[in-house]
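File shown: run_14.txt (compact mmCIF, C-alpha atoms).
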# COMPACT_ATOMS: atom_id res chain seq x y z
CA MET A 1 49.73 38.59 49.90
CA VAL A 2 49.91 35.20 48.21
CA LYS A 3 51.50 33.56 51.24
CA ARG A 4 49.01 35.21 53.59
CA ASN A 5 46.02 34.00 51.55
CA GLY A 6 47.53 30.52 51.57
CA VAL A 7 47.73 30.55 55.39
CA TRP A 8 44.11 31.64 55.68
CA LYS A 9 43.05 28.83 53.36
CA ILE A 10 44.83 26.32 55.61
CA PHE A 11 43.13 27.73 58.72
CA THR A 12 39.78 27.70 56.92
CA ILE A 13 40.19 24.03 55.94
CA ILE A 14 41.24 23.10 59.49
CA GLY A 15 38.26 25.01 60.87
CA ILE A 16 35.85 23.23 58.51
CA LEU A 17 37.34 19.83 59.49
CA LEU A 18 37.04 20.60 63.21
CA LEU A 19 33.45 21.77 62.71
CA ALA A 20 32.66 18.56 60.81
CA VAL A 21 34.16 16.43 63.62
CA LEU A 22 32.18 18.33 66.24
CA LEU A 23 28.98 18.00 64.24
CA CYS A 24 29.56 14.25 63.89
CA TYR A 25 30.26 13.92 67.61
CA PHE A 26 27.16 15.85 68.62
CA SER A 27 25.08 13.93 66.09
CA VAL A 28 26.15 10.66 67.72
CA ALA A 29 25.59 12.11 71.18
CA LEU A 30 22.11 13.33 70.24
CA TYR A 31 21.34 9.94 68.70
CA PHE A 32 22.10 8.13 71.95
CA TYR A 33 20.46 10.70 74.19
CA PHE A 34 17.28 11.06 72.16
CA GLY A 35 17.22 8.08 69.77
CA ARG A 36 18.44 5.36 72.18
CA VAL A 37 17.42 6.85 75.49
CA ASN A 38 17.63 3.54 77.38
CA ASP A 39 21.20 2.64 76.37
CA ILE A 40 23.17 3.93 79.37
CA SER A 41 26.46 2.50 78.11
CA GLY A 42 25.99 4.14 74.71
CA LYS A 43 25.36 7.50 76.33
CA LEU A 44 28.37 7.37 78.61
CA LYS A 45 30.75 6.28 75.86
CA VAL A 46 29.97 9.36 73.73
CA TYR A 47 29.58 11.86 76.56
CA ASN A 48 31.01 11.35 80.03
CA LEU A 49 31.90 14.65 81.66
CA MET A 50 29.44 14.15 84.50
CA SER A 51 30.19 13.67 88.18
CA ASP A 52 30.19 10.20 89.76
CA GLU A 53 26.95 11.13 91.47
CA SER A 54 25.25 11.92 88.14
CA VAL A 55 26.58 8.74 86.51
CA GLY A 56 25.42 6.77 89.57
CA GLU A 57 21.93 8.21 89.16
CA MET A 58 21.87 6.79 85.63
CA TYR A 59 22.85 3.36 86.98
CA LEU A 60 20.09 3.60 89.56
CA ASP A 61 17.62 4.02 86.68
CA ALA A 62 18.53 0.46 85.64
CA SER A 63 18.48 -0.89 89.22
CA TYR A 64 15.55 -2.65 90.88
CA CYS A 65 14.53 -3.99 94.23
CA LEU A 66 13.27 -7.54 93.73
CA GLN A 67 10.84 -8.89 96.27
CA SER A 68 9.41 -12.35 96.92
CA GLY A 69 7.28 -12.51 100.04
CA ASP A 70 9.23 -10.74 102.77
CA LYS A 71 12.58 -11.28 101.04
CA LYS A 72 14.23 -8.46 99.11
CA PHE A 73 17.04 -8.69 96.55
CA TYR A 74 18.89 -6.39 94.16
CA GLY A 75 18.73 -6.69 90.37
CA ILE A 76 20.37 -4.69 87.57
CA ASN A 77 18.89 -4.56 84.06
CA VAL A 78 21.20 -5.63 81.20
CA ASP A 79 18.73 -5.63 78.30
CA GLU A 80 16.17 -3.11 77.11
CA SER A 81 13.38 -5.69 77.27
CA GLY A 82 14.02 -6.26 80.97
CA TYR A 83 16.51 -8.92 82.14
CA LEU A 84 17.82 -8.38 85.66
CA VAL A 85 21.08 -9.94 86.83
CA THR A 86 21.09 -10.85 90.53
CA VAL A 87 22.93 -13.05 93.04
CA ALA A 88 21.78 -16.67 92.83
CA SER A 89 22.30 -17.39 96.53
CA ASP A 90 20.07 -14.42 97.34
CA VAL A 91 17.11 -15.57 95.30
CA ALA A 92 17.63 -19.18 96.54
CA ASP A 93 14.55 -21.22 95.65
CA GLU A 94 12.38 -18.25 94.69
CA THR A 95 11.02 -18.16 91.13
CA ASP A 96 8.45 -15.34 91.09
CA PHE A 97 9.12 -11.73 92.06
CA TYR A 98 7.90 -8.19 92.01
CA ALA A 99 10.45 -5.62 90.85
CA TYR A 100 10.36 -2.01 92.10
CA SER A 101 12.28 0.83 90.48
CA GLY A 102 13.30 4.13 92.04
CA ARG A 103 10.97 5.84 89.57
CA GLY A 104 7.92 4.19 91.13
CA GLU A 105 7.43 1.50 88.48
CA VAL A 106 6.40 -2.04 89.42
CA PHE A 107 6.90 -5.16 87.29
CA PHE A 108 6.37 -8.88 87.65
CA GLY A 109 9.54 -10.98 87.49
CA LYS A 110 10.20 -14.61 86.57
CA LEU A 111 13.44 -16.54 87.17
CA VAL A 112 14.80 -17.60 83.75
CA PHE A 113 18.41 -18.59 84.53
CA CYS A 114 20.35 -19.69 87.58
CA ASP A 115 23.91 -21.02 87.90
CA GLU A 116 24.99 -21.77 91.46
CA SER A 117 28.65 -22.22 90.47
CA TYR A 118 28.83 -18.65 89.15
CA ASN A 119 26.33 -17.62 91.85
CA LEU A 120 24.41 -15.62 89.25
CA ALA A 121 20.77 -15.60 88.20
CA ILE A 122 18.62 -13.70 85.70
CA VAL A 123 15.04 -12.52 86.27
CA LYS A 124 12.84 -11.54 83.30
CA LEU A 125 10.52 -8.59 83.85
CA PHE A 126 6.93 -8.43 82.61
CA ASP A 127 4.26 -5.75 82.60
CA ILE A 128 1.90 -6.52 85.49
CA VAL A 129 -1.28 -5.85 83.48
CA ASP A 130 -0.22 -7.20 80.07
CA SER A 131 2.50 -9.87 80.20
CA GLU A 132 2.76 -9.79 76.37
CA LYS A 133 3.60 -6.09 76.30
CA GLU A 134 7.12 -5.34 75.06
CA LEU A 135 9.12 -3.46 77.69
CA SER A 136 11.56 -0.62 76.97
CA LEU A 137 13.71 0.03 80.03
CA PRO A 138 17.08 1.68 80.85
CA TYR A 139 19.90 -0.88 80.79
CA VAL A 140 23.65 -1.25 81.19
CA SER A 141 26.09 -3.45 79.28
CA ILE A 142 28.21 -6.31 80.64
CA GLY A 143 31.89 -5.62 81.31
CA ASP A 144 34.86 -7.70 82.44
CA ILE A 145 36.19 -6.95 85.92
CA SER A 146 39.55 -8.61 85.17
CA TYR A 147 40.25 -6.17 82.30
CA SER A 148 39.17 -3.12 84.27
CA THR A 149 41.91 -3.52 86.87
CA PHE A 150 44.56 -2.88 84.19
CA SER A 151 43.32 0.66 83.60
CA LEU A 152 45.90 3.39 84.26
CA ASN A 153 43.35 5.63 85.97
CA PRO A 154 40.70 3.31 87.35
CA SER A 155 37.49 4.78 88.65
CA TYR A 156 34.45 2.83 89.76
CA ILE A 157 30.95 3.58 90.93
CA VAL A 158 28.99 1.39 93.33
CA VAL A 159 25.22 1.66 93.52
CA GLY A 160 22.76 0.03 95.89
CA ASN A 161 19.07 -0.54 96.36
CA PRO A 162 17.23 2.19 94.41
CA LEU A 163 14.67 2.46 97.23
CA GLU A 164 17.27 3.20 99.91
CA ASN A 165 19.32 6.27 100.81
CA ASN A 166 23.11 6.67 100.44
CA ASN A 167 23.12 4.34 97.44
CA ILE A 168 25.93 5.86 95.32
CA LEU A 169 29.59 5.41 96.22
CA SER A 170 32.83 6.25 94.37
CA VAL A 171 35.62 3.65 94.50
CA ASN A 172 39.20 4.31 93.35
CA SER A 173 40.61 0.79 93.29
CA LEU A 174 39.71 -2.89 93.01
CA SER A 175 41.96 -5.74 94.07
CA LEU A 176 42.11 -9.46 93.43
CA TYR A 177 41.86 -11.31 96.73
CA LYS A 178 44.84 -13.59 97.34
CA TYR A 179 42.83 -16.22 99.21
CA ILE A 180 39.87 -18.40 98.27
CA ILE A 181 36.61 -16.98 99.61
CA TYR A 182 33.74 -19.22 100.61
CA THR A 183 30.44 -18.70 102.39
CA THR A 184 28.91 -21.19 104.82
CA SER A 185 25.66 -22.17 106.46
CA GLN A 186 24.73 -24.63 109.20
CA VAL A 187 23.68 -28.26 108.65
CA ASP A 188 23.38 -30.76 111.49
CA GLY A 189 25.16 -28.30 113.77
CA SER A 190 28.20 -28.02 111.47
CA ASP A 191 29.43 -25.33 109.09
CA VAL A 192 29.01 -26.42 105.46
CA VAL A 193 30.15 -24.71 102.26
CA ASP A 194 27.55 -22.79 100.25
CA TYR A 195 29.55 -20.99 97.60
CA VAL A 196 33.26 -20.85 96.67
CA ASN A 197 34.79 -17.86 94.87
CA VAL A 198 38.27 -18.78 93.63
CA ASN A 199 38.98 -15.40 91.98
CA ALA A 200 37.31 -12.89 94.27
CA TYR A 201 37.69 -9.16 93.70
CA TYR A 202 37.10 -6.67 96.45
CA TYR A 203 37.21 -3.01 97.42
CA THR A 204 37.53 -1.46 100.86
CA ILE A 205 35.35 1.00 102.72
CA SER A 206 35.66 2.33 106.26
CA ASP A 207 32.10 1.39 107.28
CA HIS A 208 29.93 -0.65 104.90
CA SER A 209 26.78 -0.03 106.96
CA LYS A 210 26.65 3.65 105.94
CA TYR A 211 25.92 2.83 102.28
CA SER A 212 23.68 0.54 100.31
CA GLN A 213 26.09 -1.39 98.03
CA GLU A 214 24.92 -3.94 95.48
CA ALA A 215 26.68 -3.54 92.11
CA ILE A 216 29.93 -2.03 90.82
CA PHE A 217 30.41 -0.30 87.43
CA ASN A 218 33.10 1.50 85.48
CA ARG A 219 32.32 5.00 84.18
CA THR A 220 31.36 3.85 80.68
CA GLY A 221 28.12 2.08 81.52
CA GLU A 222 29.49 -1.42 82.07
CA LEU A 223 28.42 -3.65 84.94
CA LEU A 224 31.55 -5.30 86.36
CA GLY A 225 30.19 -7.27 89.28
CA LEU A 226 27.72 -7.74 92.10
CA VAL A 227 28.54 -7.30 95.78
CA TYR A 228 27.67 -10.55 97.54
CA SER A 229 29.61 -10.64 100.81
CA TYR A 230 31.89 -8.62 103.07
CA SER A 231 34.50 -9.02 105.77
CA ASP A 232 34.82 -6.74 108.81
CA ASN A 233 38.37 -5.69 109.56
CA ALA A 234 39.87 -3.40 112.19
CA LYS A 235 40.37 -0.46 109.82
CA ASN A 236 38.33 -1.16 106.68
CA ASP A 237 35.56 -3.47 105.53
CA GLU A 238 36.32 -5.60 102.47
CA MET A 239 33.41 -5.87 100.03
CA PHE A 240 33.61 -9.00 97.86
CA ILE A 241 32.42 -9.00 94.27
CA LEU A 242 31.08 -11.59 91.82
CA SER A 243 32.29 -11.23 88.23
CA VAL A 244 29.34 -11.07 85.79
CA SER A 245 31.20 -11.47 82.48
CA ILE A 246 29.63 -14.91 81.83
CA ILE A 247 26.22 -13.20 81.49
CA LYS A 248 27.36 -11.73 78.17
CA THR A 249 27.88 -15.30 76.89
CA VAL A 250 24.53 -16.72 78.03
CA LEU A 251 22.20 -13.73 77.57
CA ASP A 252 21.12 -14.50 74.00
CA ASP A 253 20.34 -18.12 74.96
CA VAL A 254 18.39 -16.89 77.97
CA LYS A 255 16.35 -14.51 75.80
CA ASN A 256 15.48 -17.37 73.44
CA SER A 257 14.23 -19.65 76.22
CA GLU A 258 11.46 -19.64 78.80
CA TYR A 259 14.07 -21.01 81.20
CA TYR A 260 17.64 -21.53 80.03
CA GLU A 261 19.69 -24.46 81.28
CA ASN A 262 22.86 -25.44 79.42
CA SER A 263 22.63 -29.11 78.40
CA LEU A 264 26.31 -29.78 79.24
CA VAL A 265 26.59 -27.78 82.46
CA SER A 266 23.45 -29.36 83.90
CA LYS A 267 25.01 -32.84 83.59
CA VAL A 268 28.02 -32.04 85.78
CA ASN A 269 27.72 -33.00 89.43
CA GLY A 270 31.10 -32.39 90.98
CA PHE A 271 33.69 -29.92 92.22
CA ASP A 272 37.23 -28.75 91.54
CA MET A 273 40.26 -29.01 93.81
CA TYR A 274 39.88 -25.45 95.12
CA GLU A 275 36.33 -26.22 96.14
CA LEU A 276 37.53 -29.48 97.68
CA GLN A 277 39.95 -27.50 99.82
CA CYS A 278 37.02 -25.51 101.22
CA TYR A 279 34.92 -28.64 101.72
CA LEU A 280 37.78 -30.25 103.63
CA ASP A 281 38.03 -27.14 105.83
CA CYS A 282 34.45 -27.85 106.91
CA SER A 283 34.68 -31.66 106.85
CA ASN A 284 34.02 -34.22 109.54
CA THR A 285 36.60 -36.96 110.04
CA ASN A 286 36.29 -40.45 111.45
CA SER A 287 39.24 -42.86 111.64
CA GLY A 288 41.12 -40.88 109.01
CA VAL A 289 38.16 -40.79 106.60
CA TYR A 290 36.91 -37.37 105.44
CA TYR A 291 33.19 -36.63 105.10
CA ILE A 292 32.11 -33.50 103.25
CA TYR A 293 28.68 -31.99 102.73
CA PHE A 294 27.98 -31.66 99.01
CA ASP A 295 24.77 -31.49 96.98
CA GLY A 296 22.58 -31.97 100.04
CA LEU A 297 24.39 -35.05 101.41
CA TRP A 298 27.30 -35.96 103.66
CA ARG A 299 29.70 -37.93 101.46
CA GLU A 300 32.86 -39.89 102.08
CA VAL A 301 35.82 -38.49 100.14
CA ASP A 302 37.58 -41.07 97.98
CA THR A 303 41.16 -41.73 99.17
CA ASN A 304 42.45 -41.53 95.58
CA LEU A 305 40.97 -38.04 95.30
CA ILE A 306 42.68 -36.99 98.54
CA THR A 307 45.99 -38.23 97.11
CA LYS A 308 45.46 -36.21 93.91
CA TYR A 309 44.63 -33.14 95.97
CA GLN A 310 47.66 -33.53 98.23
CA ASN A 311 49.92 -33.95 95.18
CA GLY A 312 48.71 -30.68 93.67
CA PHE A 313 46.63 -32.02 90.77
CA ASP A 314 43.92 -29.85 89.20
CA GLY A 315 40.66 -30.76 87.49
CA VAL A 316 36.94 -31.23 88.05
CA TYR A 317 36.03 -34.27 90.11
CA LEU A 318 32.79 -36.04 89.12
CA VAL A 319 30.77 -37.21 92.09
CA GLU A 320 28.33 -38.99 89.75
CA ASP A 321 28.38 -40.26 86.16
CA PHE A 322 28.36 -37.55 83.50
CA VAL A 323 25.90 -38.86 80.91
CA TYR A 324 25.44 -36.91 77.67
CA GLY A 325 23.75 -38.41 74.62
CA ASP A 326 25.27 -41.85 74.12
CA GLU A 327 28.47 -41.04 76.03
CA THR A 328 29.28 -41.54 79.71
CA ILE A 329 32.17 -40.33 81.84
CA LYS A 330 32.01 -42.35 85.02
CA GLY A 331 31.80 -40.93 88.49
CA ASN A 332 34.92 -40.87 90.67
CA SER A 333 36.84 -39.46 87.69
CA LEU A 334 38.78 -36.24 87.20
CA ILE A 335 38.24 -34.06 84.10
CA THR A 336 41.66 -32.57 83.33
CA SER A 337 41.39 -30.93 79.88
CA VAL A 338 39.00 -30.05 77.07
CA ASN A 339 39.63 -29.66 73.35
CA TYR A 340 37.26 -27.18 71.69
CA LYS A 341 37.63 -25.69 68.20
CA GLN A 342 40.97 -27.48 67.78
CA LYS A 343 42.44 -25.84 70.87
CA SER A 344 43.26 -27.63 74.10
CA TYR A 345 42.36 -26.09 77.47
CA SER A 346 43.64 -27.28 80.84
CA ILE A 347 40.85 -27.43 83.40
CA THR A 348 41.85 -25.89 86.71
CA THR A 349 38.47 -24.83 88.12
CA LYS A 350 34.89 -25.81 87.50
CA LEU A 351 34.29 -22.40 85.95
CA ASP A 352 37.02 -23.15 83.37
CA LEU A 353 34.94 -26.15 82.29
CA PHE A 354 31.60 -24.38 82.42
CA TYR A 355 32.87 -21.40 80.43
CA LEU A 356 33.73 -23.72 77.52
CA PHE A 357 30.39 -25.51 77.86
CA TYR A 358 28.52 -22.21 77.68
CA GLN A 359 30.57 -21.17 74.64
CA ALA A 360 29.84 -24.36 72.67
CA LYS A 361 26.93 -24.29 70.23
CA SER A 362 24.67 -27.04 68.95
CA GLY A 363 26.44 -29.32 66.46
CA GLU A 364 29.96 -28.46 67.64
CA GLU A 365 32.34 -31.11 68.95
CA ILE A 366 33.96 -31.12 72.38
CA LYS A 367 36.62 -33.61 73.46
CA ILE A 368 36.94 -34.20 77.21
CA THR A 369 40.02 -35.87 78.69
CA TRP A 370 39.51 -37.52 82.07
CA GLN A 371 41.16 -39.95 84.47
CA ASP A 372 39.37 -42.81 86.21
CA LEU A 373 40.58 -42.61 89.82
CA ASP A 374 39.75 -46.28 90.43
CA THR A 375 41.98 -47.59 87.62
CA THR A 376 44.14 -44.47 86.88
CA THR A 377 43.19 -44.98 83.19
CA ILE A 378 43.19 -41.77 81.11
CA SER A 379 40.52 -41.52 78.39
CA THR A 380 39.18 -38.97 75.94
CA THR A 381 35.46 -38.75 75.21
CA SER A 382 34.13 -36.87 72.16
CA LEU A 383 30.73 -35.18 72.44
CA VAL A 384 28.59 -33.38 69.87
CA VAL A 385 26.66 -30.57 71.50
CA LEU A 386 22.92 -31.19 71.29

Can I see the file as structure tokens?
Amino acid sequence: MVKRNGVWKIFTIIGILLLAVLLCYFSVALYFYFGRVNDISGKLKVYNLMSDESVGEMYLDASYCLQSGDKKFYGINVDESGYLVTVASDVADETDFYAYSGRGEVFFGKLVFCDESYNLAIVKLFDIVDSEKELSLPYVSIGDISYSTFSLNPSYIVVGNPLENNNILSVNSLSLYKYIIYTTSQVDGSDVVDYVNVNAYYYTISDHSKYSQEAIFNRTGELLGLVYSYSDNAKNDEMFILSVSIIKTVLDDVKNSEYYENSLVSKVNGFDMYELQCYLDCSNTNSGVYYIYFDGLWREVDTNLITKYQNGFDGVYLVEDFVYGDETIKGNSLITSVNYKQKSYSITTKLDLFYLFYQAKSGEEIKITWQDLDTTTISTTSLVVL
């Protein structure tokens, strides 16, 4: 009898512990479902036994159709107060929008951030009647597409325009494209480069025209990227994706500004060697001289830069002087590395440089190492972030 009572006590204790765990779990679940009703990521991280279709419906609650004149764009909300991430090349020169949800809501939108190198923009939503009214809208969190591909059992959900049909799609795999992707337009009868994606991710679908496809998510409420282009192939269409992870870095600065422009990033007028490769693909040549279309002008490519490119050098080439505070890094120079927080970073792409610039806060020091292509002199310039 003593042993039997002891066993029942053990089972009773285990039962009480399991009941306590369940009560804690359901308390958290109820908190997110009823206390933080707009936090889609919070909900899905505590309870995610729904179908892809049901999860996709939740993502559509945070999706909007942006409109400016006759132009329509997709935006996905990443903050409860209404900040939509969209593709910069889609919104182009537009600054004012109307935003339509699948629930029949209409908001006014204002462009508050745009980075053409990342090809990402942010539109702030406002109540149409009272622009001072604080909004409370469903939102998703920002994820990292590069981490998601390491998952053992990856599963993704693509959603499209909330006002269109067939706007939820399940995707089983994402891949990193092995080539550089760039989009073009026409200037003076020639193809010119619009946007270069060095690290493009993509998924395949048999016929992209059957679905509206604008943004891709994991199943835990994280936005991984925006669909911005596609390629038709014989068997499957490849849908190319923009990573949105940089939005997590800039969002607080955007929320604290009427229009956010990073003081360091805005001073850089140049391109990296991968971008140069694309510009050269679309270049005009005359007597062995290359002319590329960059920043609204046809420009002659410096022969020293061509030599660096042909010899496999990396870095960000400055078309014009980089002037910041009292310091100047002259044009026709190549930024090769940056020291930030006592750690040195080699600069391979322009996004490597911009990522560090977006990370740096006012009062911090950044040391930029660069080479003057006219004299081959290597210098280091120290800047204090304003």

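Residue nearest Leu242 of chain A, chosen from A:Ser229, A:Asn284, A:Ser379, A:Asn38 and counting only C-alpha atoms: A:Ser229.
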
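Coordinates place atom CA of Asp79 of chain A at a distance of 19.8 Å from atom CA of Ile157 of chain A.
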
Calculated over only C-alpha atoms, which of the candidates A:Ser141, A:Tyr211, A:Tyr260, A:Gly331 has the smallest distance to Asp237 of chain A?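 Closest residue, counting only C-alpha atoms: A:Tyr211.
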
Counting all atoms listed in the file, the residue of A:Ile216, A:Val198, A:Val268, A:Val227 that sits nearest Thr349 of chain A: A:Val198

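If you measure from each of A:Tyr156, A:Tyr358, A:Phe313, A:Tyr324 to Tyr340 of chain A using only C-alpha atoms, the closest one turns out to be A:Tyr358.
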
Non-local contacts of Arg103 of chain A (9 Å; all atoms listed in the file; under 2 positions in same chain excluded) as an mmCIF file with C-alpha atoms, keeping the file's coordinate frame:
data_model
loop_
_atom_site.group_PDB
_atom_site.id
_atom_site.type_symbol
_atom_site.label_atom_id
_atom_site.label_comp_id
_atom_site.auth_asym_id
_atom_site.auth_seq_id
_atom_site.Cartn_x
_atom_site.Cartn_y
_atom_site.Cartn_z
ATOM 1 C CA ASP A 61 17.620 4.020 86.680
ATOM 2 C CA TYR A 100 10.360 -2.010 92.100
ATOM 3 C CA SER A 101 12.280 0.830 90.480
ATOM 4 C CA GLU A 105 7.430 1.500 88.480
ATOM 5 C CA PRO A 162 17.230 2.190 94.410
#

Residue nearest Thr376 of chain A among A:Val159, A:Leu334, A:Ile180, A:Val91 (counting all atoms listed in the file):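 Of A:Val159, A:Leu334, A:Ile180, A:Val91, the one nearest Thr376 of chain A is A:Leu334, counting all atoms listed in the file.
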
Would you compute the distance between atom CA of Leu223 of chain A and atom CA of Val316 of chain A? Give it in Å to one decimal.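 Straight-line distance from atom CA of Leu223 of chain A to atom CA of Val316 of chain A works out to 29.0 Å.
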
Nearby residues (all atoms listed in the file) at most 8 Å from Leu226 of chain A, same-chain spacing under 3 positions excluded, as number ranges by chain: A: 86-87, 214-216, 241-244

Here's a test: counting only C-alpha atoms, identify every protein, DNA and RNA residue with an atom at most 7 Å from (18.9, 1.8, 89.5) in the file's coordinate frame, and state them as a VMD selection string. chain A and resid 58 to 64 76 101 to 102 162

May I have the residues at most 12 Å from (28.9, 0.8, 95.3) in the file's coordinates, counting all atoms listed in the file, as a PyMOL selection string? chain A and resi 52-53+56-57+59-60+155-162+166-174+202-205+208-218+223-228+239-241

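Note that atom CA of Thr303 of chain A and atom CA of Asn286 of chain A are 13.3 Å apart.
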
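Closest to Ile142 of chain A among A:Asp96, A:Lys267, A:Glu222, A:Leu120 is A:Glu222, based on only C-alpha atoms.
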